[in-house]
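Here the structure comes first, spelled out in structure tokens, and everything after it is commentary.
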Amino acid sequence: MIRHTVAFRLKHEAGSAEETSFLAGALVLANIPSVRNFEQLRQTSPKNDFTFGFSMEFDDQAGYDVYNVHPLHVAFVRDRWVPEVADFLEIDYTEL
């Protein structure tokens, strides 16, 4: 199993229509067949400047590879992520 996570901060003002639109648009990622347990999370710790997180799981590397090249993911990254995200940290985990 691979858990794909990303912590990020948007360019938009907190609570803005643009922020809401971005988060709603990101739900398309849950429609990719290999994605399991997609979550949108709000970061609450004052220890970093990130505001949100996404987390999802894949059964294996093949499922993760399908996600990376899937047209919904590619379009979301190109049309929403790149223009709207100010900063991010991506971490992928496997179980020990």
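Just so we're on the same page: first chain in the structure tokens is A, next is B, and so on; residues restart at 1 for each chain, and ligands are numbered from 1 in the order they show up.
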
Point to revise | Members of stretch 33-78 of chain A assigned strand (DSSP E or B) by DSSP, as a ChimeraX atom specification | key: /A:36-42,52-58

Distance query stretch 81-84 of chain A at most 7 Å, only C-alpha atoms, self and fewer than 3 positions along chain excluded, as a compact mmCIF listing (two decimals) with N, CA and C atoms, in the first residue's frame:
```
# COMPACT_ATOMS: atom_id res chain seq x y z
N LEU A 10 -2.65 27.67 -0.43
CA LEU A 10 -3.18 28.27 -1.66
C LEU A 10 -2.79 29.74 -1.77
N LYS A 11 -2.86 30.27 -2.97
CA LYS A 11 -2.64 31.69 -3.21
C LYS A 11 -3.87 32.51 -2.82
N PHE A 76 -6.02 18.38 -13.55
CA PHE A 76 -6.11 19.10 -12.28
C PHE A 76 -4.79 19.78 -11.95
N VAL A 77 -3.69 19.08 -12.11
CA VAL A 77 -2.38 19.68 -11.83
C VAL A 77 -2.13 20.87 -12.75
N ARG A 78 -2.38 20.70 -14.01
CA ARG A 78 -2.12 21.75 -15.00
C ARG A 78 -3.04 22.96 -14.80
```

Practice item. Run DSSP on the backbone and give me the residues of chain A it puts in helix (DSSP H, G or I), as a ChimeraX atom specification. Key: /A:17-31,61-69,71-84

Would you export the selected residues with N, CA and C atoms as a short mmCIF file (atom, residue, chain, number, x, y, z; two decimals), in the first residue's frame, please?
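Printed below is again37.cif as written:
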```
data_model
loop_
_atom_site.label_atom_id
_atom_site.label_comp_id
_atom_site.auth_asym_id
_atom_site.auth_seq_id
_atom_site.Cartn_x
_atom_site.Cartn_y
_atom_site.Cartn_z
N ALA A 17 -14.20 32.52 -2.25
CA ALA A 17 -14.87 31.68 -3.24
C ALA A 17 -13.85 30.89 -4.04
N GLU A 18 -12.68 31.47 -4.29
CA GLU A 18 -11.63 30.79 -5.03
C GLU A 18 -11.10 29.58 -4.26
N GLU A 19 -10.94 29.74 -2.96
CA GLU A 19 -10.50 28.62 -2.12
C GLU A 19 -11.54 27.51 -2.17
N THR A 20 -12.79 27.85 -1.99
CA THR A 20 -13.87 26.87 -2.03
C THR A 20 -13.92 26.17 -3.38
N SER A 21 -13.75 26.92 -4.45
CA SER A 21 -13.76 26.35 -5.79
C SER A 21 -12.61 25.37 -6.00
N PHE A 22 -11.42 25.72 -5.52
CA PHE A 22 -10.27 24.83 -5.65
C PHE A 22 -10.53 23.51 -4.94
N LEU A 23 -10.99 23.58 -3.70
CA LEU A 23 -11.23 22.36 -2.92
C LEU A 23 -12.32 21.51 -3.55
N ALA A 24 -13.37 22.14 -4.06
CA ALA A 24 -14.43 21.39 -4.74
C ALA A 24 -13.88 20.74 -6.01
N GLY A 25 -13.05 21.46 -6.74
CA GLY A 25 -12.47 20.92 -7.96
C GLY A 25 -11.55 19.75 -7.72
N ALA A 26 -10.89 19.74 -6.57
CA ALA A 26 -9.96 18.66 -6.24
C ALA A 26 -10.67 17.33 -6.01
N LEU A 27 -11.95 17.38 -5.73
CA LEU A 27 -12.69 16.14 -5.49
C LEU A 27 -12.70 15.23 -6.71
N VAL A 28 -12.38 15.77 -7.87
CA VAL A 28 -12.30 14.95 -9.09
C VAL A 28 -11.25 13.86 -8.94
N LEU A 29 -10.24 14.10 -8.11
CA LEU A 29 -9.18 13.11 -7.93
C LEU A 29 -9.71 11.81 -7.34
N ALA A 30 -10.76 11.90 -6.54
CA ALA A 30 -11.36 10.70 -5.95
C ALA A 30 -12.03 9.82 -6.99
N ASN A 31 -12.27 10.36 -8.17
CA ASN A 31 -12.91 9.59 -9.25
C ASN A 31 -11.94 8.74 -10.05
N GLN A 61 2.23 0.12 -6.36
CA GLN A 61 2.91 1.08 -7.23
C GLN A 61 2.20 1.22 -8.57
N ALA A 62 1.66 0.13 -9.07
CA ALA A 62 0.94 0.20 -10.35
C ALA A 62 -0.26 1.14 -10.25
N GLY A 63 -0.99 1.08 -9.14
CA GLY A 63 -2.13 1.98 -8.94
C GLY A 63 -1.69 3.43 -8.84
N TYR A 64 -0.58 3.66 -8.16
CA TYR A 64 -0.02 5.02 -8.05
C TYR A 64 0.40 5.53 -9.43
N ASP A 65 1.01 4.66 -10.23
CA ASP A 65 1.44 5.04 -11.57
C ASP A 65 0.24 5.40 -12.45
N VAL A 66 -0.84 4.64 -12.34
CA VAL A 66 -2.07 4.94 -13.08
C VAL A 66 -2.58 6.33 -12.71
N TYR A 67 -2.59 6.64 -11.43
CA TYR A 67 -3.03 7.95 -10.94
C TYR A 67 -2.19 9.07 -11.53
N ASN A 68 -0.88 8.92 -11.52
CA ASN A 68 0.01 9.99 -11.97
C ASN A 68 -0.22 10.38 -13.42
N VAL A 69 -0.58 9.45 -14.27
CA VAL A 69 -0.76 9.76 -15.69
C VAL A 69 -2.23 9.85 -16.10
N PRO A 71 -5.77 11.19 -17.00
CA PRO A 71 -6.16 12.50 -17.53
C PRO A 71 -6.79 13.45 -16.50
N LEU A 72 -7.55 12.92 -15.55
CA LEU A 72 -8.14 13.80 -14.52
C LEU A 72 -7.06 14.41 -13.63
N HIS A 73 -6.05 13.62 -13.26
CA HIS A 73 -4.95 14.13 -12.44
C HIS A 73 -4.11 15.12 -13.22
N VAL A 74 -3.76 14.77 -14.44
CA VAL A 74 -2.93 15.65 -15.27
C VAL A 74 -3.62 16.99 -15.47
N ALA A 75 -4.91 16.98 -15.76
CA ALA A 75 -5.67 18.23 -15.97
C ALA A 75 -5.77 19.03 -14.69
N PHE A 76 -6.02 18.38 -13.55
CA PHE A 76 -6.11 19.10 -12.28
C PHE A 76 -4.79 19.78 -11.95
N VAL A 77 -3.69 19.08 -12.11
CA VAL A 77 -2.38 19.68 -11.83
C VAL A 77 -2.13 20.87 -12.75
N ARG A 78 -2.38 20.70 -14.01
CA ARG A 78 -2.12 21.75 -15.00
C ARG A 78 -3.04 22.96 -14.80
N ASP A 79 -4.35 22.71 -14.61
CA ASP A 79 -5.34 23.79 -14.63
C ASP A 79 -5.62 24.41 -13.28
N ARG A 80 -5.38 23.67 -12.21
CA ARG A 80 -5.71 24.19 -10.88
C ARG A 80 -4.49 24.26 -9.96
N TRP A 81 -3.78 23.13 -9.84
CA TRP A 81 -2.68 23.05 -8.88
C TRP A 81 -1.58 24.07 -9.19
N VAL A 82 -1.05 24.02 -10.38
CA VAL A 82 0.08 24.90 -10.73
C VAL A 82 -0.29 26.38 -10.59
N PRO A 83 -1.44 26.83 -11.10
CA PRO A 83 -1.73 28.25 -10.98
C PRO A 83 -2.21 28.71 -9.60
N GLU A 84 -2.72 27.79 -8.75
CA GLU A 84 -3.38 28.22 -7.53
C GLU A 84 -2.66 27.87 -6.23
#
```

Check your understanding: Between A:Asp60, A:Glu13, A:Asp49, A:Glu90, which one has atoms that come closest to A:Ser34, using only C-alpha atoms?
Key ->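 With only C-alpha atoms as the atom set, the closest residue is A:Asp60.
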
Check your understanding: Distance atom CA of A:Leu96-atom CA of A:Pro33, one decimal place?
Key -> 25.3 Å

Exercise for review: Provide the atom CA of A:Met1 to atom CA of A:Thr51 distance in Å, to one decimal place.
Suggested key: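 Distance reported for this atom pair: 26.0 Å.
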
Point to revise | Non-local contacts of A:Gln43 (7 Å; only C-alpha atoms; under 5 positions in same chain excluded) as a ChimeraX atom specification | key: /A:50-53

Suppose we keep C-alpha atoms; can you now write the selection as an mmCIF file, in the first residue's frame?
```cif
data_model
loop_
_atom_site.group_PDB
_atom_site.id
_atom_site.type_symbol
_atom_site.label_atom_id
_atom_site.label_comp_id
_atom_site.auth_asym_id
_atom_site.auth_seq_id
_atom_site.Cartn_x
_atom_site.Cartn_y
_atom_site.Cartn_z
ATOM 1 C CA PHE A 50 0.568 24.943 5.219
ATOM 2 C CA THR A 51 -3.212 25.247 5.360
ATOM 3 C CA PHE A 52 -4.593 22.077 3.794
ATOM 4 C CA GLY A 53 -3.694 18.508 3.058
#
```

Practice item. Would you list the contacts of stretch 35-39 of chain A as a PyMOL selection string, taking every protein, DNA or RNA residue within 7 Å and counting only C-alpha atoms, but skipping same-chain residues closer than 6 positions in sequence? Key: chain A and resi 54-58

Only C-alpha atoms, please: the residues just picked out, written as a PDB file, in the first residue's frame.
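The result, stored in result34.pdb:
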```pdb
ATOM      1  CA  PHE A  54      -4.808  15.795   0.688  1.00  0.00           C
ATOM      2  CA  SER A  55      -4.328  12.139   1.494  1.00  0.00           C
ATOM      3  CA  MET A  56      -5.107   9.090  -0.592  1.00  0.00           C
ATOM      4  CA  GLU A  57      -4.062   5.478  -0.793  1.00  0.00           C
ATOM      5  CA  PHE A  58      -3.140   3.108  -3.597  1.00  0.00           C
TER       6      PHE A  58
END
```

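The interatomic distance for the pair atom CA of A:Arg9 and atom CA of A:Asp87 works out to 5.4 Å.
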